[in-house]
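Report on the structure given below.
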There are 2 protein chains.
Amino acid sequence: MSLQFLKALIYQRSARGLIYQLRKATWSEHIASRAHTKLFFCTTSSHAAASPTQPQTWGSKKQNRSVKLRAKAADFIMSNPEIEAQLTPLRERVQEQGNLVRSLKEAGAAELDVKKAVAELKARKKVLEEKELALTPSVVSFDRAKMEDLLKRRFFYDQSFAIYGGITGQYDFGPMGCALKSNILSLWRQYFALEEQMLEVDCSILTPEPVLKASGHVERFADLMVKDLKTGECFRLDHLIKQALEKLSKAKEATPALQAECEDIIIKLDGLNKKELADVLAKYSIKSPLTGNDLTEPIEFNLMFATQIGPTGLVKGFLRPETAQGIFVNFKRLLEFNQGKLPFAVAQIGNSFRNEISPRSGLIRVREFTMAEIEHFCDPTQKDHPKFGNVKDEKLTLYSACNQMDGKSATQFTIGEAVSAKLVANETLGYYMARIQQFLLAIGIKPECLRFRQHMSNEMAHYACDCWDAEILTSYGWVECVGCADRSAYDLGQHTAATGVRLVAEKRLPAPKTVEVSEIVPNKQALGKTFKKEAKTITEALAKLSMEEISRAEQELNANGQYKLILADGSAHELAKDTISVKHSSKTVHVEEFIPSVVEPSFGIGRIMYALLEHSFQCREGDEQRCYFTLPPLVAPLKCSILPLSNNAEFQPYTQKLSSSLTKAELSHKVDDSSGSIGRRYARTDEIAIPYGITVDFDTLKEPHTVTLRDRNSMKQVRVGLEQVVGVVKDLATERTSWEQVVTQYPVFEQQEATK
Amino acid sequence: MSLQFLKALIYQRSARGLIYQLRKATWSEHIASRAHTKLFFCTTSSHAAASPTQPQTWGSKKQNRSVKLRAKAADFIMSNPEIEAQLTPLRERVQEQGNLVRSLKEAGAAELDVKKAVAELKARKKVLEEKELALTPSVVSFDRAKMEDLLKRRFFYDQSFAIYGGITGQYDFGPMGCALKSNILSLWRQYFALEEQMLEVDCSILTPEPVLKASGHVERFADLMVKDLKTGECFRLDHLIKQALEKLSKAKEATPALQAECEDIIIKLDGLNKKELADVLAKYSIKSPLTGNDLTEPIEFNLMFATQIGPTGLVKGFLRPETAQGIFVNFKRLLEFNQGKLPFAVAQIGNSFRNEISPRSGLIRVREFTMAEIEHFCDPTQKDHPKFGNVKDEKLTLYSACNQMDGKSATQFTIGEAVSAKLVANETLGYYMARIQQFLLAIGIKPECLRFRQHMSNEMAHYACDCWDAEILTSYGWVECVGCADRSAYDLGQHTAATGVRLVAEKRLPAPKTVEVSEIVPNKQALGKTFKKEAKTITEALAKLSMEEISRAEQELNANGQYKLILADGSAHELAKDTISVKHSSKTVHVEEFIPSVVEPSFGIGRIMYALLEHSFQCREGDEQRCYFTLPPLVAPLKCSILPLSNNAEFQPYTQKLSSSLTKAELSHKVDDSSGSIGRRYARTDEIAIPYGITVDFDTLKEPHTVTLRDRNSMKQVRVGLEQVVGVVKDLATERTSWEQVVTQYPVFEQQEATK
């Protein structure tokens with residue numbers, strides 16, 4: 001999009017108009033450049049934000065308590081002819097529908113027809129994906145109930161206010177959960193804020209209504225629900241229908257035709273609109289599952305928590321539904337802090353809130369959650385990234401929109417290839433995708449359970465140019481954990497339109513140029529005479545008019561002899577020809593303004609943490625009761641345990657000395673001098689993922705003083721000098737060395753584990 | 001208090017009863033043990049929590065924009081006979097009133113009379129304290145307007161949503177403010193969570209109403225306000241009266257009598273109750289200062305932000321007004337995590353919210369703020385602290401309740417002396433006070449501007465045994481920044497009473513003992529016959545009755561032949577003699593239960609940060625426009641700058657290499673390769689408190705490659721090898737070495753600063 005065009009746009013007053021034009025321009029360019037890769041079409045997403053809200057639970061949603069986690073490697077499937085044979089017909093069904101959608105779109109078919117075809121496409125994709133998951137070999141046998149029991153028992157996290165009966169969708173992080181989260185965030189800061197020299201900010205949670213009106217959240221951030229007409233109990237509409245139809249189709253009297261009908265609706269649920277869902281409710285006379293009472297019509301329920309700021313009751317506010325808006329409204333100051341230069345990125349870690357109708361799936365869908373968001377501001381014509389070369393060979397599993405429409409699997413590419421082929425829109429987006437992957441792998445996410453899924457254009461927020469979600473495979477299926485979107489100029493444009501404060505950057509023109517400028521010149525005397533006290537307000541409003549509005553005013557004045565000015569408060573004033581005139585002039589400009597584009601990686605920390613816990617949950621071979629987490633030392637809540645072999649008083653000075661040395665080295669640790677065999681205590685420290693354990697035993701008392709150092713994952717031990725051990729643990733905990741290296745440097749020790 | 005007594009208490013159902021008895025017991029012991037030190041009396045504090053809410057603004061509140069900060073050293077005053085002579089009459093007036101309060105209390109005077117005397121006492125204290133501040137020498141000349149301008153200009157922080165007109169009492173932290181805050185919190189974690197091996201948790205902000213009912217916030221966490229009858233505009237009552245009376249007494253027609261009257265009321269404002277304040281409003285016919293309209297009667301306005309959790313509109317919730325409650329409701333799980341052992345401490349860092357009526361004073365009184373709170377749980381009979389010996393020689397400036405009543409100044413004590421003299425209630429409280437001081441000094445608070453002020457019993461929350469606020473002297477006067485209270489068993493008792501979940505610890509008895517136990521035995525058949533479906537609920541309720549309630553039931557049965565059982569939902573049931581009986585038995589117990597005491601250090605991070613900024617704000621001698629912050633390297637937002645001497649292309653590889661080495665060493669830094677003289681750029685980095693600057697110049701290009709390293713505070717420079725400089729900065733930034741040491745190790749360099 002040309003810069004002049006953008007500059008003109010920011011003068012526009014109508015937010016919708018602005019967005020619409022931006023969209024048109026961006027997309028037409030995009031379609032031209034990417035025609036070979038995929039076909040673009042657009043519907044408005046129901047959620048305003050591209051941040052991680054809705055998990056893509058293609059997976060085994062129904063297996064609720066004890067499930068098998070199956071890791072999927074695209075390569076494995078593609079190279080296994082037997083599996084491929086079973087999938088081929090399903091792939092063909094997806095492709096057939098994908099082609100139908102394409103041709104409908106090309107033919108300019110009615111929106112409703114396109115939507116229906118898309119819903120069917122999604123349904124077929126879902127069937128394919130579930131089959132794929134079912135056929136791939138189980139990489140690890142995973143028992144969710146067992147893990148949840150451990151997480152609760154050792155207070156990683158648990159439902160908030162449990163002694164008061166608990167509140168669904170809210171969790172308190174206990175010592176281990178809190179430390180894990182805080183370590184993940186530290187590493188995040190290091191990976192992003194420090195490494196990329198981002199500007200980190202910390203903005204308010206309480207947000208006044210006008211800000212969230214501008215961002216679109218007040219109008220569009222809603223889910224559908226129905227209420228029990230008598231008790232007022234609320235149900236999320238899609239969940240309710242699904243549950244009711246599942247029950248219906250399982251009933252004894254259900255005919256195969258009814259069963260097929262129900263299944264069909266369930267599969268297409270996501271694609272149905274309010275009216276269609278209301279029809280389903282009516283057709284099957286769905287009642288409250290708890291009371292059997294009648295239900296209301298579907299109601300749109302805004303997912304933001306509302307409150308009032310100040311005592312008057314007049315200032316409506318919300319708890320922010322995402323942290324991003326705090327960055328956008330501070331854009332001007334941040335740009336200034338960066339000495340006016342682009343590109344730059346701003347990071348923010350903080351809590352956001354969404355009043356989910358019926359939260360479930362543990363940490364995956366909650367009402368209060370921590371996000372880490374980045375807004376990378378850049379010149380829309382320069383989306384290359386200076387450090388792209390550092391990551392270009394990083395291999396990513398990409399599940400492109402095109403492959404999704406064609407019924408194909410995700411495919412591995414280097415990010416360099418993906419950007420060259422224009423599969424990923426630009427270097428900046430690609431750079432962040434690679435960095436997101438590096439970060440997720442560093443904290444311990446399994447590479448075979450990570451993919452980037454591109455939004456199909458129908459699910460992409462209408463302002464986004466391209467969007468890839470980092471999805472992690474868990475027992476809930478593939479869960480969206482990090483969104484990575486090119487949001488174009490949407491947000492800055494919206495806030496500019498709402499406030500009149502121009503959130504723009506400037507750049508020097510290669511050569512000065514002359515531009516035509518129009519302005520409205522008020523006749524102060526005449527205005528004062530006609531409008532008295534209001535003349536000042538009118539004069540100010542006139543000074544703020546956009547170029548478009550000025551030219552409209554000129555037309556109106558010429559045509560009707562007057563111009564109808566509408567003020568911000570909605571009041572209208574007819575300005576006659578004698579009160580204003582339009583003046584044209586030309587001026588020489590050296591810089592031009594533009595609204596920067598924004599690339600937004602948005603991390604859902606709770607989801608990442610949950611996925612990480614699943615991926616690192618293990619039970620000892622041959623002893624299913626001894627479970628533990630293989631969390632990498634970098635993020636493990638505590639780095640080390642100190643266990644005196646017994647409660648012999650002679651061990652105490654050594655234990656204390658070790659503890660204070662570890663503290664000095666800033667290593668979090670736990671002394672367990674409780675009774676209980678050493679094996680039992682090892683097992684307890686394994687449960688809370690402590691990667692290394694120092695045991696003080698009788699040999700410690702002798703010169704040269706030594707201790708044993710044990711590795712959680714392998715349960716192997718080495719004998720290390722008392723003076724060296726803290727240094728060794730420090731190197732291990734900061735991953736400057738590995739256990740494999742340590743084993744080659746120190747003698748292996750084999751006695752104690754036998755004492756369990 | 002005996003453990004048996006405590007154990008009995010936890011069976012009590014009435015929360016008020018519990019508190020009252022706890023209070024009586026604790027206080028009678030306290031009074032006995034501390035009779036020589038100070039006199040105890042009690043009124044209920046208007047705020048439920050002891051956390052930092054109200055700044056003690058004794059100081060120069062009126063000097064609003066440009067004020068002189070005067071640091072007060074108690075020793076200085078006491079040793080200056082001239083000053084002391086001026087203060088003596090004021091001291092005597094305080095002491096006289098202090099004695100009156102004491103004697104009223106001893107004589108058991110009416111509460112109202114005591115309150116009035118206390119208000120007068122406070123007023124006299126205020127006069128004394130203001131005089132003291134006015135007479136002590138100005139340690140530093142401080143220009144608040146200048147500092148605020150810098151903070152805003154370089155975006156340390158600023159009002160939130162400024163482009164939307166801003167919201168008072170909410171601030172966004174820009175890159176420098178955010179980094180400073182995050183460094184303070186990191187150091188806090190190291191000082192407390194790590195060093196003291198605390199359990200850190202991270203609990204929900206959204207809190208359901210019953211939790212905050214139990215804590216007392218729903219009922220008592222309120223301020224008084226009045227509304228403009230026509231516009232609805234709200235005013236905080238005490239602020240409004242003060243403003244109105246000040247205006248009145250400054251009016252031309254004001255008689256000296258009226259002036260004295262007004263001054264008297266202003267001074268006593270804090271001590272007036274709702275009725276008395278309403279009388280003042282009426283007497284002086286105070287109207288809205290904005291419109292002149294009539295005002296409502298005083299209204300109690302609860303300071304919590306209310307919202308609804310979930311879609312039904314039936315679950316009322318609040319944004320937490322403090323983080324502490326999240327810890328208390330999780331006590332059971334935390335105790336279990338700690339393997340049942342006391343003492344242990346739990347830490348939490350997080351945001352809290354208070355809907356202030358009219359926030360002002362910048363970061364000092366805001367609606368959304370970060371707290372760091374610690375709850376240290378211990379046996380109420382064992383409040384010694386194992387590490388007290390480490391801090392016992394730490395000197396603290398203590399402003400005891402006694403000194404406040406006697407008109408004396410704060411005095412220096414070692415914490416060991418203070419605890420021995422029973423001035424500070426116990427070792428645990430004393431330990432934390434010393435650690436709080438160590439922490440505050442480590443981040444850069446000036447020792448002469450820090451004191452610990454003991455709550456006088458009338459301002460102490462009714463459940464607290466002792467409470468000391470760390471107050472920091474700023475241009476707003478002495479500001480309460482850290483509260484440190486012994487909250488006794490209050491909170492755990494309240495939540496136990498509200499939920500029936502016993503938040504207690506156990507300890508082994510020296511020898512097993514036999515206790516009498518009473519229980520109600522239901523006659524199931526008879527109950528079922530009479531109460532049908534409700535019999536089960538009744539049986540369950542009977543099983544939960546406290547010992548007191550059981551003995552009441554027995555009395556009622558004997559007296560009236562029936563017992564009236566009141567269920568949790570308020571419904572009552574008459575149980576006849578044939579449906580229940582009371583059984584007495586004895587049993588041998590090996591452990592006894594008790595409600596732990598809680599010592600709570602509670603840090604207001606925003607206030608600390610603000611005070612720190614004031615204390616570290618400086619202007620260069622002879623150049624008042626060159627202002628900077630002397631923040632210690634440990635908390636400085638960025639540790640280092642890299643400045644190429646000019647935009648010569650040859651410098652670039654060196655700049656880049658240095659930047660990536662600093663990143664690798666985890667040192668936050670800023671490259672400033674903009675044009676502008678080196679002196680100008682130094683000044684810019686000084687403004688954002690960067691302690692060290694590396695300059696790449698022409699000598700850097702030659703072998704051996706060297707750079708200059710500059711110290712912000714002294715503006716001195718040394719010449720350091722390119723390979724060494726990152727290590728030197730790392731040591732400086734982590735305070736492993738000091739600039740004074742560096743200067744002795746490397747040659748001093750004197751050229752560049754001249755180029756400014």
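So you can find residues: chains in the structure tokens are A, B, ... in the order shown, residues in each start at 1, and ligands are numbered from 1 in order.
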
Counting only C-alpha atoms, what are the residues of chain A within 6 Å of chain B, and for each of them which pair of atoms is the nearest and at what distance in Å, to one decimal? Sort the table by chain and rising number, as a tab-separated table.
```
residue	atom	partner	partner_atom	distance
A:Asp172	CA	B:Cys203	CA	4.3
A:Phe173	CA	B:Asp202	CA	5.0
A:Gly174	CA	B:Val201	CA	4.9
A:Pro175	CA	B:Glu200	CA	4.9
A:Cys178	CA	B:Val201	CA	5.4
A:Leu199	CA	B:Pro175	CA	5.1
A:Glu200	CA	B:Pro175	CA	5.0
A:Val201	CA	B:Gly174	CA	4.8
A:Asp202	CA	B:Phe173	CA	5.0
A:Cys203	CA	B:Asp172	CA	4.3
A:Ser204	CA	B:Asp172	CA	5.9
A:Cys234	CA	B:Thr312	CA	6.0
A:Ala306	CA	B:Thr307	CA	6.0
A:Thr307	CA	B:Thr307	CA	5.3
A:Gly310	CA	B:Asn355	CA	5.7
A:Pro311	CA	B:Ile357	CA	5.7
A:Asn355	CA	B:Gly310	CA	5.7
A:Ile357	CA	B:Pro311	CA	5.7
```

Using only C-alpha atoms, which residues sit within 12 Å of Gly444 (chain B) once same-chain residues fewer than 2 positions away are excluded, as a ChimeraX atom specification?
/B:180,184,187,437-442,446-450,472,608-617,629-636

List every residue of region 160-240 of chain A that DSSP, applied to the backbone, labels as alpha helix (DSSP H), and write the result as JSON, numbers by chain.
{"A": [175, 176, 177, 178, 179, 180, 181, 182, 183, 184, 185, 186, 187, 188, 209, 210, 211, 212, 213, 214, 217, 218, 219, 220, 237, 238, 239, 240]}

Same residues, N, CA, C and O atoms, saved as a compact mmCIF listing (two decimals), in the first residue's frame:
```txt
# COMPACT_ATOMS: atom_id res chain seq x y z
N PRO A 175 3.58 -23.09 45.27
CA PRO A 175 5.02 -22.78 45.17
C PRO A 175 5.67 -23.35 43.90
O PRO A 175 6.44 -22.64 43.24
N MET A 176 5.34 -24.57 43.54
CA MET A 176 6.02 -25.16 42.38
C MET A 176 5.49 -24.58 41.07
O MET A 176 6.25 -24.30 40.15
N GLY A 177 4.18 -24.38 41.00
CA GLY A 177 3.60 -23.79 39.80
C GLY A 177 4.09 -22.36 39.61
O GLY A 177 4.42 -21.93 38.50
N CYS A 178 4.13 -21.63 40.72
CA CYS A 178 4.54 -20.23 40.66
C CYS A 178 6.00 -20.12 40.22
O CYS A 178 6.35 -19.29 39.37
N ALA A 179 6.86 -20.99 40.77
CA ALA A 179 8.28 -20.94 40.40
C ALA A 179 8.46 -21.35 38.94
O ALA A 179 9.25 -20.74 38.21
N LEU A 180 7.72 -22.36 38.50
CA LEU A 180 7.81 -22.79 37.11
C LEU A 180 7.41 -21.64 36.18
O LEU A 180 8.11 -21.30 35.22
N LYS A 181 6.29 -21.02 36.53
CA LYS A 181 5.79 -19.91 35.71
C LYS A 181 6.81 -18.78 35.69
O LYS A 181 7.11 -18.22 34.62
N SER A 182 7.33 -18.47 36.86
CA SER A 182 8.26 -17.36 36.93
C SER A 182 9.56 -17.66 36.19
O SER A 182 10.14 -16.79 35.53
N ASN A 183 10.00 -18.92 36.19
CA ASN A 183 11.18 -19.28 35.41
C ASN A 183 10.92 -19.22 33.90
O ASN A 183 11.78 -18.81 33.13
N ILE A 184 9.72 -19.65 33.51
CA ILE A 184 9.36 -19.56 32.09
C ILE A 184 9.37 -18.10 31.66
O ILE A 184 9.89 -17.73 30.61
N LEU A 185 8.82 -17.23 32.51
CA LEU A 185 8.76 -15.81 32.17
C LEU A 185 10.16 -15.17 32.14
O LEU A 185 10.44 -14.33 31.28
N SER A 186 11.02 -15.59 33.07
CA SER A 186 12.41 -15.09 33.06
C SER A 186 13.08 -15.44 31.75
O SER A 186 13.76 -14.61 31.15
N LEU A 187 12.91 -16.69 31.34
CA LEU A 187 13.54 -17.13 30.11
C LEU A 187 12.94 -16.39 28.92
O LEU A 187 13.63 -16.03 27.97
N TRP A 188 11.64 -16.15 29.02
CA TRP A 188 10.97 -15.39 27.95
C TRP A 188 11.58 -14.01 27.83
O TRP A 188 11.86 -13.53 26.75
N GLU A 209 -13.92 2.21 29.00
CA GLU A 209 -14.69 1.68 27.88
C GLU A 209 -14.27 2.20 26.50
O GLU A 209 -14.17 1.40 25.56
N PRO A 210 -14.02 3.51 26.35
CA PRO A 210 -13.73 4.01 24.99
C PRO A 210 -12.55 3.29 24.32
O PRO A 210 -12.55 3.07 23.12
N VAL A 211 -11.55 2.89 25.12
CA VAL A 211 -10.39 2.21 24.56
C VAL A 211 -10.81 0.87 23.94
O VAL A 211 -10.37 0.50 22.84
N LEU A 212 -11.68 0.16 24.64
CA LEU A 212 -12.07 -1.17 24.17
C LEU A 212 -13.21 -1.10 23.15
O LEU A 212 -13.50 -2.07 22.46
N LYS A 213 -13.83 0.07 23.08
CA LYS A 213 -14.76 0.29 21.96
C LYS A 213 -13.94 0.42 20.68
O LYS A 213 -14.24 -0.19 19.68
N ALA A 214 -12.89 1.22 20.77
CA ALA A 214 -12.05 1.44 19.59
C ALA A 214 -11.43 0.13 19.12
O ALA A 214 -11.34 -0.13 17.93
N HIS A 217 -13.52 -4.63 21.03
CA HIS A 217 -13.91 -5.63 22.02
C HIS A 217 -15.30 -5.42 22.59
O HIS A 217 -15.99 -6.38 22.91
N VAL A 218 -15.72 -4.17 22.74
CA VAL A 218 -17.04 -3.93 23.33
C VAL A 218 -18.12 -4.50 22.42
O VAL A 218 -19.07 -5.12 22.86
N GLU A 219 -17.89 -4.32 21.12
CA GLU A 219 -18.92 -4.75 20.18
C GLU A 219 -18.86 -6.24 19.88
O GLU A 219 -19.88 -6.91 19.80
N ARG A 220 -17.64 -6.75 19.74
CA ARG A 220 -17.55 -8.09 19.14
C ARG A 220 -17.00 -9.20 20.00
O ARG A 220 -16.98 -10.36 19.59
N LEU A 237 -23.91 -21.78 24.37
CA LEU A 237 -24.84 -22.36 23.41
C LEU A 237 -24.24 -23.55 22.65
O LEU A 237 -24.88 -24.60 22.54
N ASP A 238 -23.02 -23.40 22.16
CA ASP A 238 -22.47 -24.50 21.35
C ASP A 238 -22.24 -25.75 22.21
O ASP A 238 -22.54 -26.86 21.78
N HIS A 239 -21.76 -25.55 23.43
CA HIS A 239 -21.58 -26.71 24.32
C HIS A 239 -22.91 -27.40 24.59
O HIS A 239 -23.01 -28.62 24.59
N LEU A 240 -23.93 -26.59 24.83
CA LEU A 240 -25.24 -27.13 25.18
C LEU A 240 -25.81 -27.96 24.04
O LEU A 240 -26.28 -29.09 24.24
```

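The residue that comes closest to Val118 (chain B), out of B:Leu104, B:Leu229, B:Val598, B:Val743 and on the basis of only C-alpha atoms, is B:Leu104.
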
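Across the structure, CA of Ser103 (chain B) and CA of Glu276 (chain B) are spaced 24.2 Å apart.
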
Excluding Arg607 (chain B) and any residue of its chain fewer than 2 positions from it, enumerate the residues within 9 Å of it, using only C-alpha atoms, and give them as a short mmCIF file (atom, residue, chain, number, x, y, z; two decimals) with C-alpha atoms, in the first residue's frame.
```
data_model
loop_
_atom_site.label_atom_id
_atom_site.label_comp_id
_atom_site.auth_asym_id
_atom_site.auth_seq_id
_atom_site.Cartn_x
_atom_site.Cartn_y
_atom_site.Cartn_z
CA LEU B 363 2.32 6.95 42.45
CA ILE B 364 1.60 7.32 46.17
CA ARG B 365 -2.15 6.83 45.97
CA VAL B 479 5.11 7.94 53.38
CA GLU B 480 4.22 4.48 54.63
CA CYS B 481 5.92 2.13 52.16
CA VAL B 482 6.13 -1.19 53.98
CA PHE B 603 5.51 -3.87 50.48
CA GLY B 604 3.90 -1.19 48.33
CA ILE B 605 6.18 -1.43 45.31
CA MET B 609 9.82 3.07 43.63
CA TYR B 610 8.59 6.64 43.80
CA ALA B 611 10.57 7.34 46.98
CA LEU B 612 13.64 5.79 45.38
#
```

From a DSSP pass on the backbone, collect the residues of region 479-586 of chain B flagged as strand (DSSP E) and hand them back as a PyMOL selection string.
chain B and resi 479-488+505-522+562-566+572-576+580-586

Restricting the output to C-alpha atoms, write the selected residues as a short mmCIF file (atom, residue, chain, number, x, y, z; two decimals), in the first residue's frame.
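The new file again.cif reads:
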```
data_model
loop_
_atom_site.label_atom_id
_atom_site.label_comp_id
_atom_site.auth_asym_id
_atom_site.auth_seq_id
_atom_site.Cartn_x
_atom_site.Cartn_y
_atom_site.Cartn_z
CA VAL B 479 5.11 7.94 53.38
CA GLU B 480 4.22 4.48 54.63
CA CYS B 481 5.92 2.13 52.16
CA VAL B 482 6.13 -1.19 53.98
CA GLY B 483 3.79 -2.37 56.71
CA CYS B 484 5.12 -4.96 59.12
CA ALA B 485 2.42 -6.32 61.41
CA ASP B 486 1.92 -9.20 63.76
CA ARG B 487 -1.67 -10.03 62.76
CA SER B 488 -2.01 -12.81 65.34
CA ALA B 505 -1.45 -26.53 62.46
CA GLU B 506 -0.68 -29.40 64.77
CA LYS B 507 2.08 -30.02 67.18
CA ARG B 508 3.07 -33.04 69.19
CA LEU B 509 2.25 -32.83 72.87
CA PRO B 510 5.14 -33.43 75.26
CA ALA B 511 3.02 -36.29 76.62
CA PRO B 512 -0.29 -37.74 75.46
CA LYS B 513 -3.28 -36.39 77.32
CA THR B 514 -6.89 -37.22 77.88
CA VAL B 515 -9.56 -34.78 76.80
CA GLU B 516 -13.29 -34.74 77.26
CA VAL B 517 -15.19 -34.85 74.00
CA SER B 518 -18.87 -34.21 73.46
CA GLU B 519 -20.78 -35.15 70.37
CA ILE B 520 -24.35 -35.15 69.22
CA VAL B 521 -25.69 -38.57 68.32
CA PRO B 522 -28.59 -38.36 65.89
CA GLN B 562 -35.71 -29.36 72.14
CA TYR B 563 -32.81 -27.67 70.40
CA LYS B 564 -33.07 -25.07 67.68
CA LEU B 565 -30.51 -25.83 64.99
CA ILE B 566 -29.69 -23.02 62.58
CA ALA B 572 -33.94 -23.12 61.59
CA HIS B 573 -35.05 -26.55 62.69
CA GLU B 574 -36.44 -27.56 66.07
CA LEU B 575 -34.94 -30.91 67.06
CA ALA B 576 -36.93 -32.73 69.74
CA ILE B 580 -30.84 -36.37 69.13
CA SER B 581 -28.83 -37.04 72.25
CA VAL B 582 -25.52 -35.75 73.56
CA LYS B 583 -22.77 -38.25 74.23
CA HIS B 584 -19.72 -37.55 76.39
CA SER B 585 -16.52 -39.50 76.15
CA SER B 586 -12.86 -39.06 76.77
#
```

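Distance-wise, CA of Ser400 (chain B) and CA of Thr414 (chain B) end up 13.6 Å apart.
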